[in-house]
Amino acid sequence: MNISKLLKERGNIVFDKTLAENKAESEQVKKKSLLADWYITGTNAVSKEGHIVNIDHSGNRAAAMIYGPDNVIIVIGRNKICGTLDDAVKRARNISAPMNARRAGYNPPCLQLNRCIDCKSDERVCFNLVIIEGQFVKDRMKLFIVDEEAGF
Ligand code: SF4
């Protein structure tokens with residue numbers, strides 16, 4: 001969505017790991033983002049029962065969604081909507097994880113098989129499966145659905 005660039009241009013301080021110049025800087029940005037005023041992200045699946053399902057490698061995204069930033073905005077495409085929690089977890093494991101592996105340059109079995117085999121590979125990209133069922137702080141988290149296919 002180009003949000004980081006637009007926020008930077010208007011003078012906001014932005015912690016976006018994709019703008020980091022190296023791995024060390026990326027790690028610092030990820031840590032700083034845990035205490036940002038606003039955290040803007042996507043998620044991997046949302047069930048019609050109300051679950052927000054995240055499948056993460058290091059877990060910094062899920063950590064910030066759960067606690068730290070005062071406000072969390074989640075933006076998803078309609079392709080992330082699933083019927084049940086079970087469907088949402090299946091989507092995360094069988095669609096999101098392989099696509100994320102490809103993006104990040106890892107090679108777990110699901111990348112070739114297009115399905116999760118619950119591997120213990122060193123290339124594993126899903127050490128954290130985090131299901132958010134609600135928020136203790138009312139209105140802290142807001143989820144926007146864009147009526148198009150977007151993200152994985
Ligand atoms: S457990 Fe392995 S095969 Fe399953 S989604 Fe994670 S990385 Fe892929």
# chains A, B, ... in the order shown; residues from 1 in each chain; ligands from 1

$ select_by_dssp --residues "chain A" --states "strand (DSSP E or B)" --output "number ranges by chain"
A: 38-41, 45-47, 52-56, 71-77, 81-82, 128-132, 141-146

$ closest_atom_pairs --of "chain A" --to "ligand 1" --cutoff "9 Å" --atoms "only C-alpha atoms and all ligand atoms" --output "tab-separated table"
residue	atom	partner	partner_atom_place_in_ligand_line	distance
A:Ile55	CA	ligand 1	5 (S)	8.5
A:His57	CA	ligand 1	6 (Fe)	8.9
A:Ala92	CA	ligand 1	5 (S)	7.7
A:Arg93	CA	ligand 1	5 (S)	4.4
A:Asn94	CA	ligand 1	5 (S)	6.1
A:Ile95	CA	ligand 1	5 (S)	8.3
A:Ser96	CA	ligand 1	5 (S)	8.0
A:Ala97	CA	ligand 1	5 (S)	5.0
A:Pro98	CA	ligand 1	8 (Fe)	5.9
A:Ala101	CA	ligand 1	7 (S)	7.6
A:Tyr106	CA	ligand 1	7 (S)	8.8
A:Asn107	CA	ligand 1	7 (S)	8.1
A:Pro108	CA	ligand 1	7 (S)	4.9
A:Pro109	CA	ligand 1	3 (S)	4.9
A:Cys110	CA	ligand 1	3 (S)	4.2
A:Leu111	CA	ligand 1	8 (Fe)	6.9
A:Leu113	CA	ligand 1	3 (S)	8.3
A:Asn114	CA	ligand 1	8 (Fe)	8.5
A:Arg115	CA	ligand 1	3 (S)	6.6
A:Cys116	CA	ligand 1	4 (Fe)	3.6
A:Ile117	CA	ligand 1	3 (S)	4.6
A:Asp118	CA	ligand 1	1 (S)	3.7
A:Cys119	CA	ligand 1	2 (Fe)	3.9
A:Lys120	CA	ligand 1	2 (Fe)	6.3
A:Ser121	CA	ligand 1	2 (Fe)	6.3
A:Asp122	CA	ligand 1	7 (S)	8.7
A:Glu123	CA	ligand 1	7 (S)	6.6
A:Arg124	CA	ligand 1	7 (S)	3.8
A:Val125	CA	ligand 1	7 (S)	4.7
A:Cys126	CA	ligand 1	6 (Fe)	4.5
A:Phe127	CA	ligand 1	6 (Fe)	7.1

$ select_by_dssp --residues "chain A" --states "helix (DSSP H, G or I)" --output "PyMOL selection string"
chain A and resi 3-9+17-19+23-33+60-66+78-80+85-104+109-113

$ atom_distance --atom1 "atom CA of A:Asn100" --atom2 "atom CA of A:Glu27"
18.1 Å

$ closest_atom_pairs --of "stretch 10-39 of chain A" --to "stretch 135-146 of chain A" --cutoff "12 Å" --atoms "only C-alpha atoms" --output "CSV"
residue,atom,partner,partner_atom,distance
A:Asp37,CA,A:Arg140,CA,10.8
A:Trp38,CA,A:Arg140,CA,9.6
A:Tyr39,CA,A:Met141,CA,9.4

$ residues_around --residues "A:Lys80" --least-positions-apart "2" --cutoff "7 Å" --atoms "only C-alpha atoms" --output "list in words"
Asn44, Ala45, Val46, Ile76, Gly77, Arg78 and Cys82 of chain A
